[in-house]
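Shown next: coords_29.cif, containing mmCIF, N, CA and C atoms.
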```cif
data_input
loop_
_atom_site.label_atom_id
_atom_site.label_comp_id
_atom_site.auth_asym_id
_atom_site.auth_seq_id
_atom_site.Cartn_x
_atom_site.Cartn_y
_atom_site.Cartn_z
N MET A 15 139.73 99.25 82.81
CA MET A 15 140.08 99.68 84.15
C MET A 15 140.76 101.05 84.15
N VAL A 16 141.63 101.25 83.17
CA VAL A 16 142.31 102.53 83.10
C VAL A 16 141.31 103.65 82.81
N GLY A 17 140.34 103.38 81.95
CA GLY A 17 139.30 104.37 81.66
C GLY A 17 138.51 104.73 82.89
N ARG A 18 138.15 103.72 83.69
CA ARG A 18 137.39 103.99 84.93
C ARG A 18 138.22 104.82 85.90
N LEU A 19 139.51 104.48 86.01
CA LEU A 19 140.39 105.24 86.89
C LEU A 19 140.52 106.68 86.40
N GLY A 20 140.66 106.85 85.09
CA GLY A 20 140.75 108.20 84.52
C GLY A 20 139.51 109.02 84.83
N ARG A 21 138.34 108.39 84.67
CA ARG A 21 137.09 109.10 84.98
C ARG A 21 137.02 109.45 86.46
N ARG A 22 137.48 108.56 87.31
CA ARG A 22 137.46 108.83 88.75
C ARG A 22 138.39 109.99 89.10
N LEU A 23 139.56 110.01 88.47
CA LEU A 23 140.50 111.10 88.72
C LEU A 23 139.95 112.44 88.23
N ILE A 24 139.34 112.43 87.05
CA ILE A 24 138.75 113.67 86.53
C ILE A 24 137.63 114.14 87.45
N ALA A 25 136.78 113.22 87.88
CA ALA A 25 135.69 113.58 88.80
C ALA A 25 136.24 114.16 90.10
N MET A 26 137.39 113.68 90.53
CA MET A 26 138.03 114.17 91.74
C MET A 26 138.62 115.56 91.52
N GLU A 27 139.18 115.79 90.31
CA GLU A 27 139.86 117.05 90.03
C GLU A 27 138.90 118.20 89.68
N LEU A 28 137.79 117.90 89.04
CA LEU A 28 136.89 118.95 88.58
C LEU A 28 136.42 119.90 89.69
N PRO A 29 136.02 119.40 90.86
CA PRO A 29 135.62 120.35 91.92
C PRO A 29 136.78 121.22 92.41
N ILE A 30 137.98 120.67 92.41
CA ILE A 30 139.16 121.45 92.81
C ILE A 30 139.39 122.56 91.81
N LEU A 31 139.34 122.21 90.54
CA LEU A 31 139.53 123.22 89.49
C LEU A 31 138.44 124.29 89.55
N ALA A 32 137.21 123.85 89.77
CA ALA A 32 136.09 124.79 89.84
C ALA A 32 136.27 125.77 91.00
N ARG A 33 136.73 125.28 92.15
CA ARG A 33 136.97 126.18 93.30
C ARG A 33 137.97 127.27 92.95
N HIS A 34 138.92 126.93 92.10
CA HIS A 34 139.96 127.89 91.72
C HIS A 34 139.63 128.61 90.40
N GLU A 35 138.43 128.32 89.87
CA GLU A 35 137.96 128.94 88.63
C GLU A 35 138.93 128.71 87.47
N VAL A 36 139.34 127.45 87.33
CA VAL A 36 140.27 127.04 86.28
C VAL A 36 139.67 125.85 85.55
N SER A 37 139.66 125.90 84.24
CA SER A 37 139.21 124.76 83.46
C SER A 37 140.32 123.70 83.42
N MET A 38 139.95 122.50 83.01
CA MET A 38 140.95 121.44 82.90
C MET A 38 142.05 121.85 81.93
N TRP A 39 141.67 122.40 80.76
CA TRP A 39 142.68 122.82 79.79
C TRP A 39 143.53 123.96 80.31
N ALA A 40 142.96 124.88 81.07
CA ALA A 40 143.76 125.97 81.64
C ALA A 40 144.78 125.40 82.62
N TYR A 41 144.37 124.39 83.40
CA TYR A 41 145.32 123.76 84.32
C TYR A 41 146.42 123.03 83.55
N VAL A 42 146.06 122.39 82.45
CA VAL A 42 147.07 121.72 81.62
C VAL A 42 148.08 122.76 81.11
N VAL A 43 147.60 123.92 80.70
CA VAL A 43 148.48 124.99 80.25
C VAL A 43 149.38 125.45 81.39
N LEU A 44 148.81 125.69 82.56
CA LEU A 44 149.62 126.12 83.71
C LEU A 44 150.68 125.08 84.02
N ASN A 45 150.31 123.80 83.97
CA ASN A 45 151.29 122.72 84.17
C ASN A 45 152.38 122.78 83.12
N GLY A 46 151.97 122.99 81.87
CA GLY A 46 152.94 123.03 80.79
C GLY A 46 153.94 124.17 80.91
N LEU A 47 153.52 125.25 81.54
CA LEU A 47 154.39 126.41 81.71
C LEU A 47 155.11 126.42 83.05
N SER A 48 154.80 125.48 83.92
CA SER A 48 155.33 125.53 85.28
C SER A 48 156.81 125.20 85.38
N GLY A 49 157.39 124.65 84.32
CA GLY A 49 158.81 124.30 84.34
C GLY A 49 159.73 125.50 84.36
N GLY A 50 159.18 126.68 84.12
CA GLY A 50 159.97 127.90 84.21
C GLY A 50 160.52 128.39 82.88
N ALA A 51 160.71 127.51 81.91
CA ALA A 51 161.23 127.95 80.63
C ALA A 51 160.14 128.69 79.86
N VAL A 52 160.51 129.78 79.25
CA VAL A 52 159.57 130.51 78.41
C VAL A 52 159.36 129.69 77.15
N ARG A 53 158.10 129.53 76.76
CA ARG A 53 157.78 128.69 75.62
C ARG A 53 157.00 129.48 74.59
N THR A 54 157.12 129.02 73.36
CA THR A 54 156.27 129.59 72.31
C THR A 54 154.91 128.90 72.40
N GLN A 55 153.89 129.55 71.81
CA GLN A 55 152.56 128.94 71.80
C GLN A 55 152.60 127.60 71.07
N ALA A 56 153.35 127.53 69.98
CA ALA A 56 153.44 126.28 69.21
C ALA A 56 154.13 125.19 70.03
N ALA A 57 155.20 125.52 70.73
CA ALA A 57 155.91 124.53 71.55
C ALA A 57 155.03 124.05 72.70
N LEU A 58 154.30 124.97 73.32
CA LEU A 58 153.39 124.59 74.40
C LEU A 58 152.32 123.64 73.87
N ALA A 59 151.71 124.00 72.75
CA ALA A 59 150.66 123.16 72.17
C ALA A 59 151.18 121.76 71.90
N ALA A 60 152.36 121.67 71.32
CA ALA A 60 152.94 120.35 71.03
C ALA A 60 153.21 119.57 72.30
N SER A 61 153.71 120.23 73.34
CA SER A 61 154.07 119.53 74.56
C SER A 61 152.87 119.02 75.34
N ILE A 62 151.72 119.69 75.21
CA ILE A 62 150.53 119.25 75.95
C ILE A 62 149.53 118.52 75.06
N GLY A 63 149.88 118.36 73.79
CA GLY A 63 149.02 117.61 72.88
C GLY A 63 147.75 118.35 72.52
N ALA A 64 147.86 119.65 72.30
CA ALA A 64 146.69 120.47 71.96
C ALA A 64 146.91 121.14 70.62
N ASP A 65 145.83 121.43 69.94
CA ASP A 65 145.88 122.21 68.71
C ASP A 65 146.17 123.66 69.10
N LYS A 66 147.20 124.25 68.50
CA LYS A 66 147.60 125.60 68.92
C LYS A 66 146.51 126.64 68.69
N THR A 67 145.66 126.44 67.69
CA THR A 67 144.59 127.42 67.46
C THR A 67 143.51 127.31 68.53
N ARG A 68 143.28 126.11 69.07
CA ARG A 68 142.28 125.94 70.13
C ARG A 68 142.77 126.48 71.47
N LEU A 69 144.07 126.64 71.60
CA LEU A 69 144.63 127.17 72.85
C LEU A 69 144.44 128.68 72.99
N ILE A 70 144.27 129.36 71.88
CA ILE A 70 144.24 130.83 71.92
C ILE A 70 143.22 131.39 72.91
N PRO A 71 141.94 130.92 72.91
CA PRO A 71 141.00 131.48 73.90
C PRO A 71 141.40 131.16 75.34
N ILE A 72 142.02 130.02 75.56
CA ILE A 72 142.48 129.66 76.91
C ILE A 72 143.62 130.59 77.31
N LEU A 73 144.55 130.81 76.40
CA LEU A 73 145.66 131.72 76.68
C LEU A 73 145.16 133.14 76.89
N ASP A 74 144.19 133.57 76.07
CA ASP A 74 143.61 134.91 76.25
C ASP A 74 143.03 135.06 77.65
N ASP A 75 142.27 134.07 78.10
CA ASP A 75 141.65 134.13 79.43
C ASP A 75 142.72 134.16 80.53
N LEU A 76 143.71 133.29 80.42
CA LEU A 76 144.77 133.25 81.44
C LEU A 76 145.54 134.57 81.47
N GLN A 77 145.77 135.16 80.30
CA GLN A 77 146.46 136.45 80.25
C GLN A 77 145.59 137.55 80.85
N ASP A 78 144.30 137.56 80.49
CA ASP A 78 143.38 138.57 81.03
C ASP A 78 143.30 138.49 82.55
N ARG A 79 143.44 137.30 83.09
CA ARG A 79 143.39 137.11 84.55
C ARG A 79 144.74 137.35 85.22
N GLY A 80 145.76 137.69 84.43
CA GLY A 80 147.07 137.98 84.99
C GLY A 80 147.84 136.75 85.42
N LEU A 81 147.51 135.59 84.85
CA LEU A 81 148.14 134.34 85.26
C LEU A 81 149.30 133.94 84.35
N ILE A 82 149.30 134.43 83.13
CA ILE A 82 150.41 134.18 82.21
C ILE A 82 150.80 135.50 81.54
N SER A 83 152.03 135.53 81.06
CA SER A 83 152.48 136.64 80.22
C SER A 83 152.63 136.09 78.82
N ARG A 84 152.39 136.94 77.85
CA ARG A 84 152.51 136.56 76.44
C ARG A 84 153.15 137.74 75.74
N GLU A 85 154.44 137.60 75.44
CA GLU A 85 155.22 138.70 74.89
C GLU A 85 155.74 138.34 73.50
N PRO A 86 155.90 139.34 72.64
CA PRO A 86 156.50 139.06 71.33
C PRO A 86 157.95 138.58 71.49
N ASP A 87 158.34 137.62 70.69
CA ASP A 87 159.71 137.12 70.68
C ASP A 87 160.58 138.19 70.01
N PRO A 88 161.64 138.66 70.67
CA PRO A 88 162.48 139.69 70.05
C PRO A 88 163.10 139.23 68.73
N GLY A 89 163.28 137.91 68.58
CA GLY A 89 163.87 137.38 67.36
C GLY A 89 162.88 137.20 66.23
N ASP A 90 161.59 137.14 66.56
CA ASP A 90 160.55 136.94 65.55
C ASP A 90 159.25 137.49 66.12
N ARG A 91 158.91 138.71 65.73
CA ARG A 91 157.75 139.40 66.31
C ARG A 91 156.43 138.69 66.05
N ARG A 92 156.39 137.73 65.14
CA ARG A 92 155.15 136.97 64.89
C ARG A 92 154.92 135.91 65.96
N VAL A 93 155.97 135.57 66.71
CA VAL A 93 155.93 134.51 67.71
C VAL A 93 155.70 135.12 69.08
N ARG A 94 154.86 134.47 69.88
CA ARG A 94 154.60 134.91 71.26
C ARG A 94 155.31 133.95 72.22
N LEU A 95 155.98 134.53 73.21
CA LEU A 95 156.63 133.76 74.25
C LEU A 95 155.74 133.77 75.49
N LEU A 96 155.56 132.61 76.08
CA LEU A 96 154.65 132.45 77.21
C LEU A 96 155.42 132.18 78.49
N GLY A 97 154.88 132.64 79.58
CA GLY A 97 155.44 132.34 80.90
C GLY A 97 154.38 132.56 81.96
N LEU A 98 154.57 131.92 83.11
CA LEU A 98 153.67 132.14 84.23
C LEU A 98 154.04 133.43 84.95
N THR A 99 153.05 134.16 85.37
CA THR A 99 153.28 135.30 86.26
C THR A 99 153.36 134.75 87.68
N GLU A 100 153.70 135.60 88.61
CA GLU A 100 153.73 135.15 90.02
C GLU A 100 152.35 134.66 90.45
N SER A 101 151.30 135.37 90.03
CA SER A 101 149.94 134.92 90.35
C SER A 101 149.65 133.56 89.73
N GLY A 102 150.13 133.35 88.52
CA GLY A 102 149.95 132.07 87.85
C GLY A 102 150.68 130.95 88.58
N ARG A 103 151.90 131.24 89.04
CA ARG A 103 152.65 130.23 89.80
C ARG A 103 151.94 129.89 91.11
N GLU A 104 151.43 130.92 91.79
CA GLU A 104 150.72 130.69 93.06
C GLU A 104 149.47 129.85 92.83
N LEU A 105 148.70 130.19 91.81
CA LEU A 105 147.50 129.43 91.51
C LEU A 105 147.84 127.99 91.16
N HIS A 106 148.84 127.81 90.32
CA HIS A 106 149.25 126.46 89.92
C HIS A 106 149.65 125.64 91.15
N ARG A 107 150.46 126.24 92.02
CA ARG A 107 150.90 125.52 93.23
C ARG A 107 149.70 125.13 94.10
N ALA A 108 148.76 126.05 94.26
CA ALA A 108 147.59 125.78 95.11
C ALA A 108 146.74 124.64 94.53
N VAL A 109 146.46 124.70 93.23
CA VAL A 109 145.65 123.66 92.60
C VAL A 109 146.39 122.33 92.64
N GLN A 110 147.67 122.36 92.30
CA GLN A 110 148.46 121.13 92.29
C GLN A 110 148.51 120.49 93.68
N ALA A 111 148.65 121.30 94.72
CA ALA A 111 148.70 120.76 96.08
C ALA A 111 147.39 120.07 96.44
N GLU A 112 146.26 120.69 96.09
CA GLU A 112 144.97 120.07 96.38
C GLU A 112 144.77 118.78 95.60
N ILE A 113 145.19 118.78 94.34
CA ILE A 113 145.06 117.56 93.53
C ILE A 113 145.95 116.46 94.10
N ARG A 114 147.16 116.79 94.50
CA ARG A 114 148.05 115.77 95.09
C ARG A 114 147.48 115.23 96.40
N ASP A 115 146.88 116.10 97.21
CA ASP A 115 146.25 115.64 98.45
C ASP A 115 145.12 114.65 98.14
N ALA A 116 144.32 114.99 97.14
CA ALA A 116 143.21 114.10 96.75
C ALA A 116 143.75 112.77 96.20
N GLU A 117 144.83 112.83 95.44
CA GLU A 117 145.44 111.60 94.93
C GLU A 117 145.98 110.74 96.07
N GLU A 118 146.55 111.40 97.08
CA GLU A 118 147.05 110.66 98.24
C GLU A 118 145.90 109.94 98.96
N LEU A 119 144.76 110.61 99.10
CA LEU A 119 143.59 109.97 99.71
C LEU A 119 143.15 108.76 98.89
N LEU A 120 143.14 108.91 97.59
CA LEU A 120 142.78 107.80 96.71
C LEU A 120 143.77 106.66 96.85
N MET A 121 145.04 106.98 96.84
CA MET A 121 146.08 105.95 96.94
C MET A 121 146.09 105.28 98.32
N ALA A 122 145.60 105.99 99.34
CA ALA A 122 145.57 105.43 100.69
C ALA A 122 144.66 104.20 100.77
N GLU A 123 143.80 104.04 99.76
CA GLU A 123 142.94 102.86 99.71
C GLU A 123 143.73 101.58 99.41
N LEU A 124 144.97 101.74 98.94
CA LEU A 124 145.80 100.59 98.59
C LEU A 124 146.83 100.30 99.68
N PRO A 125 147.17 99.05 99.88
CA PRO A 125 148.30 98.74 100.77
C PRO A 125 149.58 99.37 100.21
N ALA A 126 150.51 99.71 101.09
CA ALA A 126 151.73 100.42 100.69
C ALA A 126 152.48 99.72 99.55
N ALA A 127 152.63 98.42 99.61
CA ALA A 127 153.36 97.69 98.57
C ALA A 127 152.65 97.81 97.22
N ASP A 128 151.32 97.73 97.23
CA ASP A 128 150.56 97.86 95.99
C ASP A 128 150.67 99.29 95.44
N ARG A 129 150.66 100.26 96.34
CA ARG A 129 150.78 101.66 95.94
C ARG A 129 152.10 101.89 95.24
N ASP A 130 153.20 101.39 95.82
CA ASP A 130 154.52 101.55 95.22
C ASP A 130 154.59 100.88 93.85
N ALA A 131 154.04 99.68 93.77
CA ALA A 131 154.04 98.96 92.49
C ALA A 131 153.20 99.71 91.46
N PHE A 132 152.08 100.26 91.88
CA PHE A 132 151.21 101.00 90.97
C PHE A 132 151.93 102.23 90.41
N VAL A 133 152.59 102.99 91.28
CA VAL A 133 153.30 104.19 90.85
C VAL A 133 154.44 103.81 89.92
N ARG A 134 155.19 102.75 90.23
CA ARG A 134 156.27 102.30 89.35
C ARG A 134 155.73 101.89 87.97
N THR A 135 154.59 101.20 87.99
CA THR A 135 153.99 100.77 86.72
C THR A 135 153.52 101.95 85.90
N LEU A 136 152.86 102.92 86.53
CA LEU A 136 152.43 104.13 85.81
C LEU A 136 153.63 104.87 85.22
N SER A 137 154.70 104.96 86.00
CA SER A 137 155.91 105.64 85.51
C SER A 137 156.49 104.91 84.31
N ALA A 138 156.51 103.60 84.38
CA ALA A 138 157.07 102.81 83.27
C ALA A 138 156.21 102.92 82.02
N LEU A 139 154.89 102.89 82.18
CA LEU A 139 153.99 102.97 81.04
C LEU A 139 153.89 104.38 80.48
N GLY A 140 154.04 105.39 81.33
CA GLY A 140 153.89 106.76 80.91
C GLY A 140 155.09 107.30 80.15
N GLY A 141 156.17 106.57 80.18
CA GLY A 141 157.36 106.98 79.41
C GLY A 141 158.07 108.04 80.08
#
```

For the file at hand, write its structure as structure tokens.
Amino acid sequence: MVGRLGRRLIAMELPILARHEVSMWAYVVLNGLSGGAVRTQAALAASIGADKTRLIPILDDLQDRGLISREPDPGDRRVRLLGLTESGRELHRAVQAEIRDAEELLMAELPAADRDAFVRTLSALGG
């Protein structure tokens, strides 16, 4: 059941991401950077469960599009510090708002009590 729900959510999100010209992994990166703290590429990779070497082309694309900044760490020039640009924050907010609206439509299929229980259960299982 969880697999079917996951596939349904992905199918719901893909057209939203496509409208904004963002891949699923690029959105995951934007989410990972949305907390505001500047992160290293290694810390970002660990937090989103991605191989740091596979993130490089995604980061390159996001930087080329002006959505993230990638600066050398003053304490260690081999390390890159990542952050969202204002354009990146705007894009993230727009995509996230559309995804939340779509999730609300999906959740509207459930009675309110079931919806609340479902969200509590997801929160408990998600850690």

>> Write out as a list of chain:residue names the set of residues from chain A that DSSP, computed on the backbone, places in strand (DSSP E or B).
In response: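 Filtering chain A to strand (DSSP E or B) leaves A:Arg53, A:Thr54, A:Ile82, A:Ser83, A:Arg84, A:Glu85, A:Pro86, A:Asp87, A:Asp90, A:Arg91, A:Arg92, A:Val93, A:Arg94, A:Leu95, A:Leu96, A:Gly97, A:Leu98.
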
> Evaluating the PyMOL selection byres ((chain A and resi 44-53) around 6.5) on the displayed file yields which residues, as a PyMOL selection string?
Replying inline: chain A and resi 39-43+54-58+94-98+106

Prev. selection, N, CA and C atoms, output as an mmCIF file, in the coordinates of the input:
```cif
data_model
loop_
_atom_site.group_PDB
_atom_site.id
_atom_site.type_symbol
_atom_site.label_atom_id
_atom_site.label_comp_id
_atom_site.auth_asym_id
_atom_site.auth_seq_id
_atom_site.Cartn_x
_atom_site.Cartn_y
_atom_site.Cartn_z
ATOM 1 N N TRP A 39 141.670 122.400 80.760
ATOM 2 C CA TRP A 39 142.680 122.820 79.790
ATOM 3 C C TRP A 39 143.530 123.960 80.310
ATOM 4 N N ALA A 40 142.960 124.880 81.070
ATOM 5 C CA ALA A 40 143.760 125.970 81.640
ATOM 6 C C ALA A 40 144.780 125.400 82.620
ATOM 7 N N TYR A 41 144.370 124.390 83.400
ATOM 8 C CA TYR A 41 145.320 123.760 84.320
ATOM 9 C C TYR A 41 146.420 123.030 83.550
ATOM 10 N N VAL A 42 146.060 122.390 82.450
ATOM 11 C CA VAL A 42 147.070 121.720 81.620
ATOM 12 C C VAL A 42 148.080 122.760 81.110
ATOM 13 N N VAL A 43 147.600 123.920 80.700
ATOM 14 C CA VAL A 43 148.480 124.990 80.250
ATOM 15 C C VAL A 43 149.380 125.450 81.390
ATOM 16 N N THR A 54 157.120 129.020 73.360
ATOM 17 C CA THR A 54 156.270 129.590 72.310
ATOM 18 C C THR A 54 154.910 128.900 72.400
ATOM 19 N N GLN A 55 153.890 129.550 71.810
ATOM 20 C CA GLN A 55 152.560 128.940 71.800
ATOM 21 C C GLN A 55 152.600 127.600 71.070
ATOM 22 N N ALA A 56 153.350 127.530 69.980
ATOM 23 C CA ALA A 56 153.440 126.280 69.210
ATOM 24 C C ALA A 56 154.130 125.190 70.030
ATOM 25 N N ALA A 57 155.200 125.520 70.730
ATOM 26 C CA ALA A 57 155.910 124.530 71.550
ATOM 27 C C ALA A 57 155.030 124.050 72.700
ATOM 28 N N LEU A 58 154.300 124.970 73.320
ATOM 29 C CA LEU A 58 153.390 124.590 74.400
ATOM 30 C C LEU A 58 152.320 123.640 73.870
ATOM 31 N N ARG A 94 154.860 134.470 69.880
ATOM 32 C CA ARG A 94 154.600 134.910 71.260
ATOM 33 C C ARG A 94 155.310 133.950 72.220
ATOM 34 N N LEU A 95 155.980 134.530 73.210
ATOM 35 C CA LEU A 95 156.630 133.760 74.250
ATOM 36 C C LEU A 95 155.740 133.770 75.490
ATOM 37 N N LEU A 96 155.560 132.610 76.080
ATOM 38 C CA LEU A 96 154.650 132.450 77.210
ATOM 39 C C LEU A 96 155.420 132.180 78.490
ATOM 40 N N GLY A 97 154.880 132.640 79.580
ATOM 41 C CA GLY A 97 155.440 132.340 80.900
ATOM 42 C C GLY A 97 154.380 132.560 81.960
ATOM 43 N N LEU A 98 154.570 131.920 83.110
ATOM 44 C CA LEU A 98 153.670 132.140 84.230
ATOM 45 C C LEU A 98 154.040 133.430 84.950
ATOM 46 N N HIS A 106 148.840 127.810 90.320
ATOM 47 C CA HIS A 106 149.250 126.460 89.920
ATOM 48 C C HIS A 106 149.650 125.640 91.150
#
```

>> What's around region 21-27 of chain A at 12 Å? Count only C-alpha atoms, leave out sequence neighbours fewer than 4 positions away in its own chain, and write the answer as number ranges by chain.
In response: A: 15-17, 31-34, 36-38, 41, 109-121

>> Expand the PyMOL selection byres ((chain A and resi 72-79) around 8) into the explicit residue set it covers here, and present it as an NGL selection string.
In response: :A and (39-40 or 43 or 67-71 or 80-84 or 101-102)

>> as a ChimeraX atom specification, please: every residue in chain A that DSSP puts in alpha helix (DSSP H).
In response: /A:16-33,38-47,55-62,66-78,100-121,126-140

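Note that CA of Val93 (chain A) and CA of Lys66 (chain A) are 12.3 Å apart.
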
> What is the CA of Pro86 (chain A)-atom C of Glu35 (chain A) distance in Å, reported with one decimal?
Replying inline: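 If I compute the distance from CA of Pro86 (chain A) to atom C of Glu35 (chain A), I get 26.0 Å.
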
>> If I take atom N of Ile30 (chain A) and CA of Ala131 (chain A), how far is one from the other in Å, to one decimal?
In response: 27.0 Å
